[in-house]
$ cat start.txt   # compact mmCIF, C-alpha atoms
# COMPACT_ATOMS: atom_id res chain seq x y z
CA MET D 534 19.26 20.42 -46.72
CA THR D 535 21.87 21.70 -44.29
CA THR D 536 25.07 23.49 -45.28
CA ASP D 537 27.77 21.71 -47.26
CA GLU D 538 29.86 21.35 -44.11
CA GLU D 539 26.99 19.58 -42.35
CA LEU D 540 25.41 17.80 -45.29
CA ARG D 541 23.36 14.87 -44.10
CA LEU D 542 21.03 12.33 -45.59
CA ALA D 543 18.56 10.18 -43.70
CA VAL D 544 17.13 7.13 -45.43
CA ASP D 545 13.88 5.56 -44.35
CA ALA D 546 14.93 1.91 -44.21
CA LEU D 547 12.05 -0.46 -43.49
CA GLY D 548 10.99 1.72 -40.54
CA GLU D 549 14.62 2.28 -39.47
CA SER D 550 16.47 5.54 -39.96
CA ILE D 551 19.96 5.60 -41.48
CA LEU D 552 21.80 8.91 -41.34
CA VAL D 553 24.50 9.25 -44.02
CA VAL D 554 27.11 11.94 -43.37
CA GLY D 555 29.53 13.10 -46.06
CA TYR D 556 33.14 13.65 -45.00
CA GLY D 557 35.23 15.80 -47.32
CA SER D 558 34.20 17.10 -50.73
CA ALA D 559 33.75 13.64 -52.28
CA GLY D 560 31.77 12.43 -49.29
CA ARG D 561 29.40 15.37 -49.36
CA THR D 562 28.87 15.06 -53.12
CA ALA D 563 28.27 11.31 -52.87
CA THR D 564 25.71 11.94 -50.14
CA THR D 565 23.86 14.38 -52.37
CA ARG D 566 23.89 11.94 -55.29
CA VAL D 567 22.46 9.17 -53.14
CA ALA D 568 19.71 11.58 -52.09
CA ASP D 569 19.01 12.46 -55.72
CA GLY D 570 18.90 8.80 -56.78
CA ASP D 571 16.31 6.10 -56.30
CA LEU D 572 16.61 5.95 -52.51
CA PRO D 573 13.91 7.85 -50.59
CA ALA D 574 15.65 10.52 -48.56
CA THR D 575 15.09 13.27 -46.04
CA ASP D 576 17.36 15.20 -43.70
CA ALA D 577 15.19 14.84 -40.60
CA ALA D 578 16.80 12.03 -38.63
CA GLU D 579 17.44 13.45 -35.18
CA THR D 580 17.63 10.03 -33.56
CA PRO D 581 18.86 7.64 -36.28
CA ASP D 582 19.12 3.90 -35.81
CA ALA D 583 22.46 3.93 -37.64
CA VAL D 584 24.98 6.41 -39.01
CA ILE D 585 27.14 5.88 -42.11
CA VAL D 586 30.08 8.22 -42.68
CA ALA D 587 30.97 8.41 -46.41
CA ALA D 588 34.61 9.19 -47.22
CA ASP D 589 36.94 8.85 -50.20
CA GLY D 590 40.14 7.47 -48.69
CA SER D 591 42.26 8.55 -51.64
CA ALA D 592 41.29 12.19 -51.02
CA VAL D 593 41.89 12.26 -47.26
CA ASP D 594 44.99 14.17 -46.19
CA ALA D 595 46.88 11.73 -44.00
CA ASN D 596 48.88 14.58 -42.47
CA ALA D 597 45.80 16.53 -41.38
CA ALA D 598 43.64 15.82 -38.37
CA VAL D 599 40.56 13.80 -39.25
CA GLU D 600 37.57 15.70 -37.90
CA LEU D 601 34.36 13.90 -38.74
CA PRO D 602 31.09 15.87 -38.71
CA GLU D 603 29.21 15.65 -35.44
CA THR D 604 26.35 13.17 -35.60
CA PRO D 605 23.59 12.11 -33.21
CA THR D 606 24.30 9.13 -31.01
CA ALA D 607 23.16 5.93 -32.71
CA PRO D 608 23.29 2.21 -31.89
CA MET D 609 25.70 1.68 -34.80
CA CYS D 610 28.10 4.05 -36.57
CA LEU D 611 29.95 2.78 -39.66
CA ALA D 612 32.33 4.44 -42.10
CA ALA D 613 32.06 3.57 -45.80
CA VAL D 614 35.47 4.38 -47.27
CA THR D 615 36.67 3.87 -50.85
CA VAL D 616 40.35 3.10 -51.35
CA PRO D 617 42.43 2.24 -54.43
CA ASN D 618 43.31 -1.39 -55.11
CA ARG D 619 46.30 -1.11 -52.78
CA PRO D 620 46.02 1.66 -50.18
CA SER D 621 49.20 3.71 -49.81
CA ALA D 622 50.77 4.15 -46.40
CA GLY D 623 49.20 7.61 -46.20
CA GLU D 624 45.75 6.32 -47.18
CA GLN D 625 46.07 3.54 -44.62
CA ALA D 626 46.92 6.12 -41.97
CA ALA D 627 43.78 8.06 -42.93
CA LEU D 628 41.72 4.88 -42.66
CA ASP D 629 43.17 4.24 -39.20
CA ALA D 630 42.27 7.78 -38.12
CA ILE D 631 38.67 7.42 -39.34
CA ALA D 632 38.38 3.99 -37.74
CA GLU D 633 39.14 5.47 -34.32
CA ARG D 634 35.96 7.56 -34.53
CA VAL D 635 33.43 4.94 -35.65
CA ASP D 636 32.38 1.47 -34.58
CA ALA D 637 33.67 -0.15 -37.78
CA THR D 638 35.09 0.79 -41.16
CA ILE D 639 33.81 -0.84 -44.35
CA VAL D 640 36.28 -0.61 -47.22
CA ALA D 641 35.23 -0.65 -50.87
CA THR D 642 37.69 -0.70 -53.78
CA GLY D 643 37.65 2.52 -55.79
CA SER D 644 38.18 6.25 -55.58
CA GLY D 645 36.25 9.39 -56.36
CA VAL D 646 32.62 10.39 -56.13
CA VAL D 647 31.19 7.75 -58.50
CA ASP D 648 32.69 4.79 -56.63
CA LEU D 649 31.85 6.24 -53.22
CA THR D 650 28.25 6.90 -54.26
CA ALA D 651 27.92 3.31 -55.46
CA ALA D 652 29.35 1.95 -52.20
CA VAL D 653 27.09 4.03 -49.95
CA GLY D 654 24.06 3.30 -52.12
CA ALA D 655 24.76 -0.43 -51.94
CA LEU D 656 25.12 -0.42 -48.15
CA VAL D 657 21.87 1.48 -47.66
CA SER D 658 19.99 -0.61 -50.21
CA ILE D 659 21.04 -3.90 -48.62
CA VAL D 660 19.27 -3.06 -45.36
CA ARG D 661 16.31 -1.08 -46.71
CA GLU D 662 15.02 -2.93 -49.77
CA SER D 663 12.24 -5.44 -49.25
CA GLY D 664 12.40 -8.70 -51.17
CA ILE D 665 12.25 -12.47 -50.97
CA VAL D 666 14.10 -12.33 -47.65
CA ASN D 667 15.08 -9.06 -45.99
CA ILE D 668 18.36 -8.03 -44.40
CA ASP D 669 17.93 -5.29 -41.79
CA LEU D 670 19.99 -3.18 -39.41
CA ALA D 671 19.71 -5.82 -36.69
CA ASP D 672 21.50 -8.25 -39.02
CA ALA D 673 24.23 -5.67 -39.67
CA GLN D 674 24.65 -5.13 -35.95
CA THR D 675 24.92 -8.88 -35.46
CA VAL D 676 27.81 -9.38 -37.89
CA PHE D 677 29.64 -6.18 -36.89
CA ARG D 678 29.46 -6.76 -33.15
CA SER D 679 33.03 -6.40 -31.77
CA VAL D 680 34.37 -6.05 -35.35
CA ARG D 681 36.42 -3.03 -36.46
CA THR D 682 37.06 -3.73 -40.17
CA GLY D 683 34.80 -4.84 -42.99
CA ALA D 684 34.72 -4.90 -46.78
CA LEU D 685 32.04 -4.35 -49.40
CA CYS D 686 32.17 -6.03 -52.79
CA VAL D 687 29.71 -6.39 -55.66
CA GLY D 688 29.73 -8.78 -58.62
CA GLU D 689 27.39 -9.68 -61.46
CA SER D 690 26.76 -12.61 -63.78
CA SER D 691 24.13 -13.92 -66.14
CA ILE D 692 20.86 -15.17 -64.66
CA GLY D 693 21.07 -18.71 -63.32
CA ASP D 694 24.72 -18.44 -62.33
CA PRO D 695 24.82 -16.93 -58.83
CA ALA D 696 28.12 -18.65 -57.99
CA THR D 697 29.91 -16.63 -60.70
CA ALA D 698 28.35 -13.42 -59.40
CA VAL D 699 29.79 -14.16 -55.96
CA GLU D 700 33.21 -15.06 -57.38
CA ASN D 701 33.21 -11.84 -59.41
CA ALA D 702 32.36 -9.91 -56.24
CA PHE D 703 35.29 -11.39 -54.32
CA GLY D 704 37.48 -10.56 -57.31
CA THR D 705 36.87 -6.84 -56.77
CA LEU D 706 38.27 -6.78 -53.23
CA ALA D 707 41.34 -4.63 -52.67
CA ALA D 708 44.64 -6.46 -52.99
CA GLY D 709 45.62 -8.09 -49.73
CA ILE D 710 42.18 -8.35 -48.16
CA GLU D 711 42.00 -11.75 -46.48
CA THR D 712 38.46 -13.02 -46.08
CA ASP D 713 39.01 -16.26 -44.19
CA PRO D 714 39.13 -14.44 -40.81
CA ALA D 715 35.68 -12.88 -41.47
CA ARG D 716 33.35 -13.35 -38.52
CA GLY D 717 30.20 -12.54 -40.42
CA VAL D 718 28.88 -11.89 -43.93
CA LEU D 719 25.76 -10.22 -45.26
CA VAL D 720 24.88 -11.84 -48.60
CA ASP D 721 22.34 -9.97 -50.73
CA LEU D 722 21.34 -11.31 -54.13
CA VAL D 723 19.44 -9.09 -56.58
CA GLY D 724 17.88 -10.51 -59.72
CA PRO D 725 14.85 -10.67 -62.02
CA PRO D 726 11.45 -12.12 -61.03
CA GLY D 727 12.65 -15.58 -62.02
CA MET D 728 15.30 -15.64 -59.29
CA SER D 729 14.62 -18.23 -56.61
CA VAL D 730 15.64 -19.10 -53.07
CA ALA D 731 17.75 -21.87 -54.63
CA ASP D 732 19.82 -19.19 -56.37
CA ILE D 733 20.39 -17.47 -53.03
CA SER D 734 21.33 -20.80 -51.45
CA GLU D 735 23.95 -21.38 -54.17
CA ALA D 736 25.34 -17.89 -53.62
CA VAL D 737 25.61 -18.51 -49.87
CA SER D 738 27.41 -21.82 -50.45
CA THR D 739 29.93 -20.05 -52.68
CA VAL D 740 30.49 -17.37 -50.03
CA ARG D 741 31.13 -20.00 -47.37
CA ALA D 742 34.00 -21.38 -49.46
CA HIS D 743 35.78 -18.02 -49.03
CA VAL D 744 35.35 -17.58 -45.27
CA GLY D 745 36.05 -19.60 -42.14
CA PRO D 746 33.66 -22.34 -40.99
CA ASN D 747 32.52 -20.29 -37.99
CA ALA D 748 31.54 -17.17 -39.95
CA HIS D 749 27.94 -16.07 -39.33
CA VAL D 750 26.37 -15.77 -42.80
CA ILE D 751 23.08 -13.87 -43.09
CA TRP D 752 21.41 -13.82 -46.48
CA GLY D 753 18.68 -11.98 -48.28
CA GLY D 754 17.38 -11.43 -51.78
CA SER D 755 15.36 -8.89 -53.69
CA ILE D 756 13.75 -8.60 -57.12
CA ASP D 757 14.72 -5.94 -59.65
CA ASP D 758 12.57 -5.90 -62.78
CA SER D 759 15.29 -4.06 -64.71
CA MET D 760 17.67 -7.04 -64.38
CA ALA D 761 16.03 -9.27 -66.96
CA ASP D 762 19.18 -11.19 -67.93
CA GLY D 763 21.51 -10.74 -64.97
CA ILE D 764 22.03 -11.31 -61.29
CA ARG D 765 23.99 -9.21 -58.77
CA ALA D 766 25.68 -10.36 -55.57
CA ARG D 767 26.35 -7.72 -52.90
CA LEU D 768 28.51 -8.86 -50.02
CA VAL D 769 29.43 -7.13 -46.76
CA LEU D 770 32.17 -8.99 -44.92
CA ALA D 771 32.79 -8.18 -41.26
CA GLY D 772 36.13 -8.94 -39.63
CA VAL D 773 38.41 -9.14 -42.68
CA LYS D 774 42.13 -8.46 -42.43
CA ASN D 775 44.61 -6.72 -44.70
CA GLY D 776 47.20 -9.46 -44.45
CA ARG D 777 49.51 -8.42 -47.28
CA VAL D 778 52.21 -5.85 -46.93
CA ALA D 779 53.71 -3.46 -49.47
CA PRO D 780 56.55 -0.93 -49.57
CA GLY D 781 55.66 1.96 -47.29
CA ASP D 782 53.50 -0.18 -44.99
CA ARG D 783 54.50 -0.70 -41.39
CA CYS D 784 56.68 -3.71 -40.70
CA PRO D 785 54.60 -6.40 -38.91
CA ARG D 786 57.56 -7.13 -36.64
CA CYS D 787 59.00 -3.79 -35.58
CA GLY D 788 56.71 -1.12 -37.03
CA SER D 789 59.31 0.56 -39.24
CA ALA D 790 58.48 1.57 -42.82
CA LEU D 791 59.03 -1.25 -45.32
CA SER D 792 61.24 -0.82 -48.36
CA THR D 793 61.85 -3.34 -51.17
CA TYR D 794 64.28 -6.15 -51.78
CA THR D 795 64.87 -7.41 -55.34
CA LEU D 796 66.27 -10.82 -56.16
CA GLY D 797 66.32 -11.60 -59.87
CA GLU D 798 62.86 -10.81 -61.23
CA ARG D 799 61.16 -10.95 -57.84
CA THR D 800 60.63 -7.90 -55.62
CA ILE D 801 59.32 -8.31 -52.08
CA PRO D 802 58.72 -5.93 -49.17
CA SER D 803 61.54 -5.89 -46.63
CA CYS D 804 62.51 -4.11 -43.45
CA GLU D 805 65.97 -2.62 -43.10
CA SER D 806 65.55 -2.37 -39.34
CA CYS D 807 64.76 -5.97 -38.38
CA GLY D 808 65.31 -7.95 -41.58
CA PHE D 809 61.69 -8.95 -42.17
CA ALA D 810 61.01 -10.02 -45.75
CA GLY D 811 57.72 -11.51 -46.87
CA VAL D 812 54.40 -11.10 -48.59
CA SER D 813 51.96 -11.81 -45.79
CA VAL D 814 51.72 -10.54 -42.24
CA ARG D 815 50.23 -13.87 -41.27
CA LEU D 816 52.92 -15.79 -43.21
CA ARG D 817 50.40 -18.47 -44.15
CA ASP D 818 51.65 -18.87 -47.74
$ encode --input "start.txt" --output "structure tokens"
Amino acid sequence: MTTDEELRLAVDALGESILVVGYGSAGRTATTRVADGDLPATDAAETPDAVIVAADGSAVDANAAVELPETPTAPMCLAAVTVPNRPSAGEQAALDAIAERVDATIVATGSGVVDLTAAVGALVSIVRESGIVNIDLADAQTVFRSVRTGALCVGESSIGDPATAVENAFGTLAAGIETDPARGVLVDLVGPPGMSVADISEAVSTVRAHVGPNAHVIWGGSIDDSMADGIRARLVLAGVKNGRVAPGDRCPRCGSALSTYTLGERTIPSCESCGFAGVSVRLRD
């Protein structure tokens, strides 16, 4: 492998090469763990078909310049970034800085090496594992075309109940992520040999209830012999929005930092500069 500062991982994905680059200590460690796991790996991807930058958003210094490792030019460059349930203003600033250097940022709830490793592993697995129906990099490019923000979520349930697996996946999204604006969704269902296309169809129908009618939903499914009694839904949503605001966020009207306003037992974000007070940038509630 290369030095820690240039640690890279290339995954042979159904004939397509995915180069994973670790940013920061957590990113580099997560990259190594993915390489040491079940995913075939090499560091010889000079002309990758896609690049994934792995970063732990909670560990990024918002006051420091974000300098991502240099990577070969690829048709698609994504950042997989873990953030706590509600990103702080500083973590959001770090996300914005990373987003300026990639085609799109995919946010997964969590922090630290374990959560980041799981997120990167899931993204790579979705487009490289063969199964009942395959999702590939072309599908990812389709849903992320002209999209800057995405979200990854994973949920599980007992076998025969794919709808609950999907609902559990949506339940893990960071607070404030609004999925109805999503332009596209990759739906990947993993289950035991008894899983059927009907299970995938039910999962897709459940996903459609959470996104707009025009969202492009691409689905796939794979068999995992180790999941005898369960089923796992892995979703990648492209074009989501962080519609909620919290103290410390930028005011949606004037851009000033939000503080709080308390009335009785209720506390809401408010702006001392322009008087904004609310819980949603889109004010749809």
$ closest_atom_pairs --input "start.txt" --of "segment 585-678 of chain D" --to "segment 712-730 of chain D" --cutoff "12 Å" --atoms "all atoms listed in the file" --output "Markdown table"
| residue | atom | partner | partner_atom | distance |
| --- | --- | --- | --- | --- |
| D:Ala655 | CA | D:Asp721 | CA | 9.9 |
| D:Leu656 | CA | D:Leu719 | CA | 10.2 |
| D:Val657 | CA | D:Asp721 | CA | 11.9 |
| D:Ser658 | CA | D:Asp721 | CA | 9.7 |
| D:Ile659 | CA | D:Asp721 | CA | 6.6 |
| D:Val660 | CA | D:Asp721 | CA | 9.3 |
| D:Arg661 | CA | D:Asp721 | CA | 11.5 |
| D:Glu662 | CA | D:Val723 | CA | 10.2 |
| D:Ser663 | CA | D:Val723 | CA | 10.9 |
| D:Gly664 | CA | D:Val723 | CA | 8.9 |
| D:Ile665 | CA | D:Val730 | CA | 7.7 |
| D:Val666 | CA | D:Val730 | CA | 8.8 |
| D:Asn667 | CA | D:Asp721 | CA | 8.7 |
| D:Ile668 | CA | D:Asp721 | CA | 7.7 |
| D:Asp669 | CA | D:Leu719 | CA | 9.9 |
| D:Leu670 | CA | D:Leu719 | CA | 10.8 |
| D:Ala671 | CA | D:Leu719 | CA | 11.4 |
| D:Asp672 | CA | D:Leu719 | CA | 7.8 |
| D:Ala673 | CA | D:Leu719 | CA | 7.4 |
| D:Gln674 | CA | D:Gly717 | CA | 10.3 |
| D:Thr675 | CA | D:Gly717 | CA | 8.1 |
| D:Val676 | CA | D:Gly717 | CA | 4.7 |
| D:Phe677 | CA | D:Gly717 | CA | 7.3 |
| D:Arg678 | CA | D:Gly717 | CA | 9.3 |
$ residues_around --input "start.txt" --residues "Ile764 of chain D" --least-positions-apart "3" --cutoff "7 Å" --atoms "all atoms listed in the file" --output "PyMOL selection string"
chain D and resi 689-692+695+698+723-724+760
$ closest_residue --input "start.txt" --among "D:Ile631, D:Leu601, D:Ala592, D:Val647" --to "Arg566 of chain D" --atoms "all atoms listed in the file"
D:Val647
$ atom_distance --input "start.txt" --atom1 "atom CA of Ala559 of chain D" --atom2 "atom CA of Glu711 of chain D"
27.3 Å
$ atom_distance --input "start.txt" --atom1 "atom CA of Ala652 of chain D" --atom2 "atom CA of Leu611 of chain D"
12.6 Å
$ atom_distance --input "start.txt" --atom1 "atom CA of Pro581 of chain D" --atom2 "atom CA of Glu603 of chain D"
13.1 Å
$ residues_around --input "start.txt" --residues "Arg681 of chain D" --least-positions-apart "2" --cutoff "8 Å" --atoms "all atoms listed in the file" --output "PDB file with C-alpha atoms, keeping the file's coordinate frame"
ATOM      1  CA  ALA D 632      38.380   3.990 -37.740  1.00  0.00           C
ATOM      2  CA  ASP D 636      32.380   1.470 -34.580  1.00  0.00           C
ATOM      3  CA  ALA D 637      33.670  -0.150 -37.780  1.00  0.00           C
ATOM      4  CA  THR D 638      35.090   0.790 -41.160  1.00  0.00           C
ATOM      5  CA  PHE D 677      29.640  -6.180 -36.890  1.00  0.00           C
ATOM      6  CA  SER D 679      33.030  -6.400 -31.770  1.00  0.00           C
ATOM      7  CA  GLY D 683      34.800  -4.840 -42.990  1.00  0.00           C
ATOM      8  CA  ALA D 771      32.790  -8.180 -41.260  1.00  0.00           C
ATOM      9  CA  GLY D 772      36.130  -8.940 -39.630  1.00  0.00           C
TER      10      GLY D 772
END
$ closest_residue --input "start.txt" --among "D:Ile710, D:Ile585, D:Cys686, D:Val653" --to "Val567 of chain D" --atoms "all atoms listed in the file"
D:Val653
$ residues_around --input "start.txt" --residues "Gly645 of chain D" --least-positions-apart "5" --cutoff "10 Å" --atoms "all atoms listed in the file" --output "MDAnalysis selection string"
chainID D and resid 558:560 562:563 588:592 615:617 650
$ write_last_selection --input "start.txt" --atoms "C-alpha atoms" --output "PDB file, keeping the file's coordinate frame"
ATOM      1  CA  SER D 558      34.200  17.100 -50.730  1.00  0.00           C
ATOM      2  CA  ALA D 559      33.750  13.640 -52.280  1.00  0.00           C
ATOM      3  CA  GLY D 560      31.770  12.430 -49.290  1.00  0.00           C
ATOM      4  CA  THR D 562      28.870  15.060 -53.120  1.00  0.00           C
ATOM      5  CA  ALA D 563      28.270  11.310 -52.870  1.00  0.00           C
ATOM      6  CA  ALA D 588      34.610   9.190 -47.220  1.00  0.00           C
ATOM      7  CA  ASP D 589      36.940   8.850 -50.200  1.00  0.00           C
ATOM      8  CA  GLY D 590      40.140   7.470 -48.690  1.00  0.00           C
ATOM      9  CA  SER D 591      42.260   8.550 -51.640  1.00  0.00           C
ATOM     10  CA  ALA D 592      41.290  12.190 -51.020  1.00  0.00           C
ATOM     11  CA  THR D 615      36.670   3.870 -50.850  1.00  0.00           C
ATOM     12  CA  VAL D 616      40.350   3.100 -51.350  1.00  0.00           C
ATOM     13  CA  PRO D 617      42.430   2.240 -54.430  1.00  0.00           C
ATOM     14  CA  THR D 650      28.250   6.900 -54.260  1.00  0.00           C
TER      15      THR D 650
END
$ axis_aligned_box --input "start.txt" --around "segment 702-712 of chain D" --padding-each-side "8 Å" --output "JSON"
{"center_x": 39.0, "center_y": -8.8, "center_z": -51.7, "size_x": 29.3, "size_y": 24.4, "size_z": 27.2}
$ residues_near_point --input "start.txt" --point "(34.2, -23.0, -52.3)" --cutoff "12 Å" --atoms "only C-alpha atoms" --output "list in words"
Ala696, Thr697, Val699, Glu700, Phe703, Asp713, Glu735, Ala736, Val737, Ser738, Thr739, Val740, Arg741, Ala742, His743, Val744, Gly745 and Pro746 of chain D
$ residues_around --input "start.txt" --residues "Asp582 of chain D" --least-positions-apart "3" --cutoff "6 Å" --atoms "all atoms listed in the file" --output "list in words"
Ser550, Ile551, Ala607 and Pro608 of chain D
$ residues_around --input "start.txt" --residues "Leu706 of chain D" --least-positions-apart "4" --cutoff "8 Å" --atoms "all atoms listed in the file" --output "list in words"
Asn618, Ala641, Thr642, Ala684, Leu685, Cys686, Ala702 and Ile710 of chain D
$ closest_residue --input "start.txt" --among "D:Ala626, D:Ser789, D:Lys774, D:Val635" --to "Ala583 of chain D" --atoms "all atoms listed in the file"
D:Val635
$ closest_residue --input "start.txt" --among "D:Thr604, D:Thr682, D:Thr565, D:Thr705" --to "Val646 of chain D" --atoms "only C-alpha atoms"
D:Thr565
$ closest_residue --input "start.txt" --among "D:Asp758, D:Asp648, D:Glu805, D:Asp732" --to "Ala587 of chain D" --atoms "all atoms listed in the file"
D:Asp648
